[in-house]
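Asker: Next comes the structure file coords32.txt, holding compact mmCIF, C-alpha atoms.
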# COMPACT_ATOMS: atom_id res chain seq x y z
CA MET A 268 -10.46 -10.90 21.18
CA ILE A 269 -7.62 -8.64 20.01
CA ARG A 270 -8.18 -5.11 21.30
CA VAL A 271 -6.83 -2.56 18.85
CA GLY A 272 -5.78 1.06 19.39
CA LEU A 273 -5.67 3.36 16.36
CA VAL A 274 -3.35 6.38 16.27
CA GLY A 275 -4.79 9.00 13.93
CA PHE A 276 -8.26 9.41 12.49
CA GLY A 277 -7.56 11.27 9.28
CA MET A 278 -8.19 9.67 5.89
CA GLY A 279 -6.08 6.59 6.60
CA GLY A 280 -7.61 5.86 9.98
CA ARG A 281 -11.17 6.78 9.06
CA VAL A 282 -11.37 5.27 5.55
CA PHE A 283 -9.15 2.21 5.85
CA HIS A 284 -8.19 1.01 9.31
CA ALA A 285 -11.30 1.68 11.38
CA PRO A 286 -13.80 0.08 8.97
CA LEU A 287 -11.55 -2.91 8.28
CA ILE A 288 -10.73 -3.62 11.93
CA SER A 289 -14.42 -3.28 12.81
CA SER A 290 -15.31 -5.81 10.12
CA VAL A 291 -12.96 -8.61 11.19
CA GLU A 292 -14.15 -11.24 13.64
CA GLY A 293 -11.80 -11.56 16.61
CA MET A 294 -10.75 -7.90 16.52
CA GLU A 295 -12.20 -4.95 18.38
CA LEU A 296 -11.48 -1.30 17.66
CA SER A 297 -11.23 -0.24 21.29
CA ALA A 298 -9.41 3.10 21.36
CA VAL A 299 -8.22 5.91 19.12
CA VAL A 300 -5.74 8.74 19.53
CA GLU A 301 -7.12 12.06 18.31
CA ARG A 302 -5.39 15.23 19.48
CA ARG A 303 -8.40 17.55 19.34
CA THR A 304 -11.60 15.92 18.05
CA ASN A 305 -13.83 12.98 18.99
CA ALA A 306 -14.73 11.94 15.46
CA ALA A 307 -14.08 8.24 16.04
CA ALA A 308 -16.27 8.11 19.15
CA GLU A 309 -19.09 9.73 17.19
CA ARG A 310 -18.89 6.98 14.58
CA TYR A 311 -18.06 3.97 16.79
CA ALA A 312 -20.08 3.68 19.97
CA GLY A 313 -18.11 2.75 23.08
CA ILE A 314 -14.68 3.56 21.69
CA LYS A 315 -12.20 5.25 24.04
CA THR A 316 -10.55 8.48 22.90
CA TYR A 317 -7.03 9.35 24.03
CA ARG A 318 -5.12 12.54 23.27
CA THR A 319 -1.60 11.09 23.20
CA LEU A 320 0.17 7.91 22.21
CA GLU A 321 1.49 7.65 25.76
CA GLU A 322 -2.07 7.41 27.11
CA LEU A 323 -2.86 4.66 24.61
CA ILE A 324 0.30 2.73 25.47
CA ALA A 325 -0.62 2.90 29.14
CA ASP A 326 -3.85 1.02 28.40
CA SER A 327 -2.76 -2.53 29.18
CA SER A 328 -5.80 -4.01 27.43
CA ILE A 329 -4.54 -2.84 24.01
CA GLN A 330 -2.52 -5.54 22.28
CA LEU A 331 -2.24 -4.14 18.75
CA ILE A 332 -1.54 -0.52 17.88
CA VAL A 333 -2.10 0.89 14.39
CA ILE A 334 -0.25 4.06 13.35
CA SER A 335 -2.02 6.09 10.68
CA THR A 336 -0.46 9.53 10.88
CA PRO A 337 1.66 11.61 8.44
CA SER A 338 4.59 9.51 7.24
CA GLY A 339 7.22 11.80 8.71
CA THR A 340 5.92 11.04 12.21
CA HIS A 341 5.95 7.25 11.92
CA PHE A 342 9.46 6.54 13.13
CA GLU A 343 9.24 8.16 16.56
CA LEU A 344 5.70 6.94 17.22
CA ALA A 345 6.54 3.39 16.14
CA LYS A 346 9.64 3.31 18.35
CA LYS A 347 7.57 4.20 21.41
CA ALA A 348 4.91 1.59 20.67
CA LEU A 349 7.42 -1.20 20.01
CA GLU A 350 9.51 -0.36 23.07
CA ALA A 351 6.30 -0.62 25.11
CA GLY A 352 5.88 -4.22 23.90
CA LYS A 353 2.90 -3.65 21.60
CA ASP A 354 2.35 -5.44 18.30
CA LEU A 355 2.28 -2.76 15.64
CA VAL A 356 0.78 -1.99 12.23
CA VAL A 357 2.25 1.06 10.47
CA ASP A 358 0.87 2.72 7.35
CA LYS A 359 3.08 2.49 4.29
CA PRO A 360 5.82 3.46 3.70
CA VAL A 361 6.46 2.67 7.42
CA CYS A 362 9.26 5.27 7.51
CA ALA A 363 10.79 7.81 5.16
CA ARG A 364 14.20 6.09 5.23
CA SER A 365 15.28 2.46 5.02
CA THR A 366 17.65 2.93 7.97
CA GLU A 367 14.70 3.88 10.16
CA ILE A 368 12.77 0.78 9.11
CA ALA A 369 15.82 -1.37 9.88
CA GLU A 370 16.04 0.18 13.36
CA LEU A 371 12.38 -0.55 14.03
CA MET A 372 12.92 -4.15 12.92
CA GLU A 373 15.74 -4.51 15.44
CA ILE A 374 13.54 -3.15 18.23
CA ALA A 375 10.66 -5.48 17.28
CA GLU A 376 12.98 -8.48 17.34
CA ARG A 377 14.46 -7.47 20.68
CA LYS A 378 11.05 -6.91 22.27
CA ASN A 379 9.58 -10.04 20.60
CA VAL A 380 6.68 -8.13 19.06
CA LYS A 381 5.31 -7.90 15.54
CA LEU A 382 6.00 -5.02 13.13
CA ILE A 383 3.58 -5.15 10.19
CA PRO A 384 3.49 -2.72 7.25
CA PHE A 385 0.01 -1.84 5.98
CA GLN A 386 -0.05 -2.86 2.30
CA ASN A 387 -3.75 -3.16 1.53
CA ARG A 388 -3.32 -3.06 -2.25
CA ARG A 389 -2.02 -6.62 -2.24
CA TRP A 390 -5.72 -7.39 -1.84
CA ASP A 391 -6.92 -5.30 -4.79
CA GLY A 392 -9.00 -7.48 -7.10
CA ASP A 393 -7.01 -6.53 -10.21
CA PHE A 394 -3.69 -7.35 -8.54
CA ARG A 395 -4.98 -10.70 -7.31
CA THR A 396 -6.23 -11.42 -10.83
CA ILE A 397 -2.74 -10.81 -12.22
CA GLN A 398 -1.24 -13.06 -9.56
CA LYS A 399 -3.55 -15.85 -10.74
CA MET A 400 -2.72 -15.24 -14.40
CA LEU A 401 1.01 -15.42 -13.71
CA LYS A 402 0.58 -18.60 -11.68
CA ASP A 403 -1.45 -20.14 -14.52
CA GLU A 404 1.09 -18.87 -17.12
CA THR A 405 -1.80 -17.38 -19.10
CA LEU A 406 0.49 -14.88 -20.83
CA GLY A 407 3.44 -17.20 -21.28
CA ARG A 408 6.76 -15.57 -20.41
CA VAL A 409 6.07 -11.99 -19.37
CA VAL A 410 8.45 -9.49 -20.99
CA SER A 411 6.86 -6.21 -19.86
CA PHE A 412 4.78 -5.15 -16.87
CA GLU A 413 3.31 -1.65 -16.66
CA SER A 414 1.55 -0.42 -13.54
CA THR A 415 0.15 3.09 -13.56
CA PHE A 416 -1.71 5.26 -11.08
CA ASP A 417 -2.92 8.37 -12.91
CA ARG A 418 -4.98 11.19 -11.42
CA TRP A 419 -6.24 14.59 -12.54
CA ARG A 420 -5.36 16.96 -9.71
CA PRO A 421 -3.90 20.06 -11.36
CA GLN A 422 -4.28 22.14 -8.20
CA ALA A 423 -2.08 21.09 -5.30
CA LYS A 424 -3.80 21.08 -1.92
CA SER A 425 -2.12 23.85 0.03
CA GLY A 426 -1.18 23.14 3.62
CA THR A 427 -1.40 19.33 3.39
CA TRP A 428 1.59 17.34 4.60
CA LYS A 429 1.81 15.30 1.39
CA GLU A 430 2.43 18.45 -0.68
CA VAL A 431 5.20 19.94 1.47
CA ASP A 432 8.77 19.15 0.48
CA ALA A 433 9.69 17.32 3.69
CA PRO A 434 10.63 13.78 4.79
CA GLY A 435 7.71 11.42 4.25
CA SER A 436 5.90 13.48 1.63
CA GLY A 437 5.48 13.14 -2.12
CA VAL A 438 3.83 10.78 -4.55
CA LEU A 439 6.80 8.41 -4.82
CA LEU A 440 6.51 7.50 -1.14
CA ASP A 441 2.71 7.61 -1.24
CA LEU A 442 1.71 5.72 -4.40
CA GLY A 443 5.14 4.45 -5.38
CA THR A 444 5.30 2.33 -2.24
CA HIS A 445 2.17 0.48 -3.37
CA LEU A 446 3.30 -0.03 -6.96
CA ILE A 447 6.81 -1.16 -6.03
CA ASP A 448 5.50 -3.55 -3.37
CA GLN A 449 3.15 -5.13 -5.91
CA ALA A 450 5.94 -5.53 -8.45
CA LEU A 451 8.26 -7.16 -5.91
CA GLN A 452 5.49 -9.54 -4.92
CA LEU A 453 4.95 -10.55 -8.53
CA PHE A 454 8.52 -10.72 -9.83
CA GLY A 455 10.90 -10.69 -6.87
CA LEU A 456 13.98 -8.49 -6.43
CA PRO A 457 15.14 -6.47 -9.45
CA ILE A 458 18.70 -6.33 -10.73
CA GLU A 459 18.76 -2.63 -11.58
CA VAL A 460 16.62 0.47 -11.13
CA SER A 461 16.20 3.66 -13.12
CA ALA A 462 13.78 6.51 -12.51
CA GLU A 463 12.53 10.01 -13.22
CA VAL A 464 11.09 11.75 -10.16
CA GLY A 465 10.01 15.37 -9.93
CA ARG A 466 7.27 17.94 -9.72
CA GLU A 467 5.09 19.17 -12.59
CA ARG A 468 2.44 21.31 -10.86
CA GLU A 469 2.77 24.74 -9.38
CA PRO A 470 4.18 25.73 -7.02
CA LEU A 471 7.28 23.93 -8.25
CA ASP A 472 8.96 23.94 -4.83
CA GLY A 473 6.59 21.35 -3.34
CA SER A 474 7.03 17.61 -2.98
CA ASP A 475 7.40 15.30 -5.98
CA ASP A 476 4.11 14.72 -7.82
CA PHE A 477 5.18 12.37 -10.62
CA PHE A 478 7.51 9.45 -11.11
CA THR A 479 8.43 6.71 -13.51
CA VAL A 480 10.42 3.86 -11.97
CA ARG A 481 11.78 0.99 -14.04
CA LEU A 482 12.77 -2.27 -12.41
CA TYR A 483 15.03 -4.42 -14.57
CA TYR A 484 14.92 -8.20 -14.36
CA ALA A 485 16.50 -10.88 -16.52
CA GLY A 486 14.34 -10.84 -19.65
CA MET A 487 11.73 -8.32 -18.51
CA THR A 488 11.12 -4.79 -17.26
CA ALA A 489 8.52 -3.51 -14.81
CA THR A 490 7.58 0.13 -15.44
CA LEU A 491 5.77 1.85 -12.56
CA SER A 492 4.45 5.39 -12.84
CA ALA A 493 2.08 7.93 -11.33
CA ASN A 494 1.25 11.58 -11.85
CA CYS A 495 -1.41 14.19 -11.11
CA LEU A 496 -1.93 15.52 -14.66
CA SER A 497 -3.49 12.64 -16.60
CA GLU A 498 -7.04 12.65 -17.95
CA PRO A 499 -8.15 10.18 -19.04
CA ALA A 500 -6.04 7.80 -17.01
CA ARG A 501 -3.86 5.27 -18.74
CA ALA A 502 -4.40 1.56 -18.18
CA ARG A 503 -3.98 0.58 -14.54
CA PHE A 504 -2.10 -2.53 -15.71
CA HIS A 505 -0.69 -3.68 -19.05
CA LEU A 506 1.23 -6.94 -19.30
CA ARG A 507 2.91 -8.23 -22.45
CA GLY A 508 3.91 -11.88 -22.76
CA THR A 509 4.86 -14.48 -25.31
CA LYS A 510 1.27 -15.79 -25.39
CA GLY A 511 -0.62 -12.52 -25.26
CA ASN A 512 -1.40 -9.22 -23.56
CA TYR A 513 -3.57 -8.21 -20.63
CA TRP A 514 -5.09 -4.75 -20.23
CA LYS A 515 -6.92 -3.48 -17.17
CA PHE A 516 -8.45 -0.02 -16.79
CA GLY A 517 -9.90 1.59 -13.68
CA LEU A 518 -9.18 1.27 -9.96
CA ASP A 519 -10.32 -1.26 -7.40
CA SER A 520 -13.53 0.12 -5.89
CA GLN A 521 -12.90 -0.76 -2.25
CA GLU A 522 -11.37 2.58 -1.24
CA ALA A 523 -14.29 4.58 -2.64
CA LYS A 524 -16.78 2.35 -0.84
CA LEU A 525 -14.88 2.38 2.45
CA SER A 526 -15.00 6.18 2.50
CA GLN A 527 -18.79 5.98 2.88
CA ILE A 528 -19.17 3.33 5.60
CA ALA A 529 -18.11 2.54 9.17
CA ARG A 530 -17.91 -1.23 8.68
CA ILE A 531 -18.39 -3.75 5.88
CA GLY A 532 -21.75 -5.48 5.72
CA ASP A 533 -21.95 -6.26 1.99
CA ALA A 534 -21.93 -10.01 1.28
CA HIS A 535 -20.61 -9.25 -2.22
CA TRP A 536 -17.78 -7.03 -1.02
CA GLY A 537 -14.83 -6.91 -3.42
CA HIS A 538 -16.60 -8.50 -6.39
CA GLU A 539 -16.03 -6.48 -9.56
CA GLU A 540 -18.83 -6.16 -12.08
CA ALA A 541 -18.17 -7.87 -15.39
CA ALA A 542 -18.19 -4.61 -17.36
CA LYS A 543 -15.01 -3.56 -15.54
CA TRP A 544 -13.04 -6.78 -15.99
CA GLY A 545 -9.69 -6.67 -17.74
CA THR A 546 -9.16 -7.99 -21.26
CA LEU A 547 -6.87 -10.76 -22.48
CA TYR A 548 -5.61 -10.60 -26.07
CA SER A 549 -4.20 -13.88 -27.33
CA GLU A 550 -3.50 -15.64 -30.60
CA VAL A 551 -5.72 -18.57 -31.57
CA ASP A 552 -5.21 -20.35 -34.90
CA GLY A 553 -3.23 -17.45 -36.26
CA MET A 554 -5.77 -14.81 -35.25
CA MET A 555 -5.78 -12.41 -32.30
CA ILE A 556 -8.89 -12.66 -30.16
CA SER A 557 -9.95 -10.76 -27.07
CA GLN A 558 -11.84 -12.03 -24.09
CA PRO A 559 -12.70 -10.68 -20.63
CA VAL A 560 -10.85 -12.11 -17.65
CA GLU A 561 -13.04 -12.71 -14.62
CA ALA A 562 -11.71 -10.67 -11.74
CA VAL A 563 -10.57 -12.38 -8.57
CA ARG A 564 -12.41 -10.98 -5.58
CA GLY A 565 -10.55 -8.23 -3.74
CA ASP A 566 -10.84 -7.90 0.02
CA TYR A 567 -8.77 -5.63 2.27
CA ARG A 568 -10.15 -7.42 5.32
CA LEU A 569 -7.78 -10.28 4.54
CA PHE A 570 -4.90 -8.13 5.77
CA TYR A 571 -6.34 -7.87 9.27
CA GLU A 572 -7.60 -11.44 9.23
CA GLY A 573 -4.02 -12.47 8.52
CA ILE A 574 -2.76 -10.43 11.45
CA ARG A 575 -5.38 -11.98 13.73
CA ASP A 576 -4.31 -15.47 12.71
CA ALA A 577 -0.61 -14.62 13.10
CA ILE A 578 -1.16 -13.23 16.61
CA PHE A 579 -3.06 -16.36 17.55
CA GLY A 580 -0.07 -18.34 16.28
CA ASN A 581 -1.71 -20.02 13.32
CA GLU A 582 -0.25 -18.23 10.29
CA ASP A 583 2.66 -16.16 9.03
CA LEU A 584 2.21 -12.41 8.93
CA PRO A 585 0.38 -11.23 5.79
CA VAL A 586 3.03 -8.52 5.20
CA LYS A 587 6.50 -8.62 6.71
CA ALA A 588 8.67 -5.74 7.86
CA GLU A 589 11.40 -6.95 5.52
CA ASP A 590 9.03 -6.25 2.61
CA ALA A 591 8.83 -2.58 3.61
CA LEU A 592 12.62 -2.42 3.95
CA ARG A 593 13.09 -3.73 0.42
CA VAL A 594 10.58 -1.26 -1.02
CA ALA A 595 12.30 1.60 0.82
CA ARG A 596 15.64 0.61 -0.65
CA VAL A 597 14.19 0.56 -4.17
CA ILE A 598 12.76 4.05 -3.59
CA GLU A 599 16.18 5.28 -2.45
CA TRP A 600 17.83 3.79 -5.53
CA ALA A 601 15.12 5.39 -7.68
CA ARG A 602 15.88 8.81 -6.15
CA GLU A 603 19.60 8.24 -6.74
CA SER A 604 18.91 7.31 -10.36
CA ALA A 605 16.73 10.38 -10.92
CA ARG A 606 19.27 12.67 -9.29
CA GLU A 607 22.30 11.29 -11.16
CA ARG A 608 20.46 10.33 -14.37
CA ARG A 609 21.83 6.81 -14.50
CA VAL A 610 20.82 3.22 -14.00
CA VAL A 611 21.54 2.05 -10.44
CA ARG A 612 22.63 -1.50 -9.66
CA CYS A 613 20.67 -3.00 -6.76
CA ALA A 614 22.89 -3.90 -3.81
CA TRP A 615 20.75 -6.55 -2.13
Have the structure of the file written as structure tokens, please.
Answerer:
Amino acid sequence: MIRVGLVGFGMGGRVFHAPLISSVEGMELSAVVERRTNAAAERYAGIKTYRTLEELIADSSIQLIVISTPSGTHFELAKKALEAGKDLVVDKPVCARSTEIAELMEIAERKNVKLIPFQNRRWDGDFRTIQKMLKDETLGRVVSFESTFDRWRPQAKSGTWKEVDAPGSGVLLDLGTHLIDQALQLFGLPIEVSAEVGREREPLDGSDDFFTVRLYYAGMTATLSANCLSEPARARFHLRGTKGNYWKFGLDSQEAKLSQIARIGDAHWGHEEAAKWGTLYSEVDGMMISQPVEAVRGDYRLFYEGIRDAIFGNEDLPVKAEDALRVARVIEWARESARERRVVRCAW
């Protein structure tokens, strides 16, 4: 049994980590760090509540620590956990700067412990469906990939850390980390990057709330974008290829369902109803036809199952620290591009 300690019980800890850890055989959510409340203990019987990371680290029974706190706090907390010899999961984007991620990687290697970025959206059903389509060459040679995360939130939430113009905040680090990670998983490392990043809502002195990032590859472009002023939302995914197009609207439903439960007990978890499947448009005998594409099952539990198997020595890590480093570098090049209004060559 892998005993897990969770640092933070805000949205990330409560909605994602706690229910997923509690739903994976071989893992036990044993302790949580909450500075003032006992919300986790009220939801999970028998869990231990600590007030500081130092108290959690001192618990020798805890093998894996999960950090789910505001992004600007990740670096210092992660350093302490790794130096204490604990395997570690850190919410995306791991750190606000690529240099900080690189330093954590050096510590993890020196201490012979695991540093694992939390990238749950690799296990979205729509993303896994696209992975299968690319493997099967359903669309032929892909020339354009568009990935969009639109929301209608015209009023910024005052006082929240994501809205303050400070290290670790903003939609590019929040949602952009997901979209860039997915693109790199599908297509590898880009050659060049260009971007527009800024703020559209009032007050205008807050963190960035929209972006469009373009990753340039030989023969194709991946366009990734998000904003808070879109209703209705654009397609979540649109792929164009030499054999056809694929359109997918709507978001994976796992996050909405996780917000309502303490652990997963649904045998059909992650299955998308047919009415929400994406659509393939392809040419047959000179005519364009459309047909639904059955969605591959999504399941965020696979992230923690992969960690369990890696700790037991049976598998590679499901997400590697190097992946987070690469995403962070793309984000930094995107900011450089937006600031200087030019295409930036990737220096891999």
Asker: Write out as an NGL selection string the residues lying within 10 Å of segment 337-354 of chain A, counting all atoms listed in the file and excluding same-chain residues fewer than 6 positions away.
Answerer: :A and (271 or 274-275 or 277 or 279 or 320-321 or 323-325 or 327 or 329-331 or 360-364 or 367-368 or 370-372 or 374-383 or 427-429 or 433-436 or 440-441 or 574 or 578)
Asker: Between A:Arg575, A:Arg564, A:Lys402, A:Arg418, which one has atoms that come closest to Ala541 of chain A, using all atoms listed in the file?
Answerer: A:Arg564
Asker: Could you please determine the separation between atom CA of Gly532 of chain A and atom CA of Thr316 of chain A in Å, to one decimal place?
Answerer: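 According to the coordinates, atom CA of Gly532 of chain A and atom CA of Thr316 of chain A are separated by 24.8 Å.
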Asker: Taking (0.6, 1.3, -16.7) in the file's coordinates, which residues come within 6 Å, counting all atoms listed in the file, written as a ChimeraX atom specification?
Answerer: /A:413-415,502-505
Asker: To one decimal place in Å, what is the distance between atom CA of Arg281 of chain A and atom CA of Ile531 of chain A?
Answerer: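 The value is 13.2 Å.
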Asker: For a quick check of understanding, using all atoms listed in the file, which of A:Pro286, A:Pro384, A:Gly437, A:Gly465 has the smallest distance to Leu584 of chain A?
Answerer: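 Between A:Pro286, A:Pro384, A:Gly437, A:Gly465, the residue approaching Leu584 of chain A most closely is A:Pro384.
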Asker: Please determine, counting only C-alpha atoms, which residue among A:Asp432, A:Glu292, A:Glu589, A:Glu561 has the shortest atom-to-atom distance to Ala369 of chain A.
Answerer: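 Of the candidates, the smallest distance to Ala369 of chain A is held by A:Glu589.
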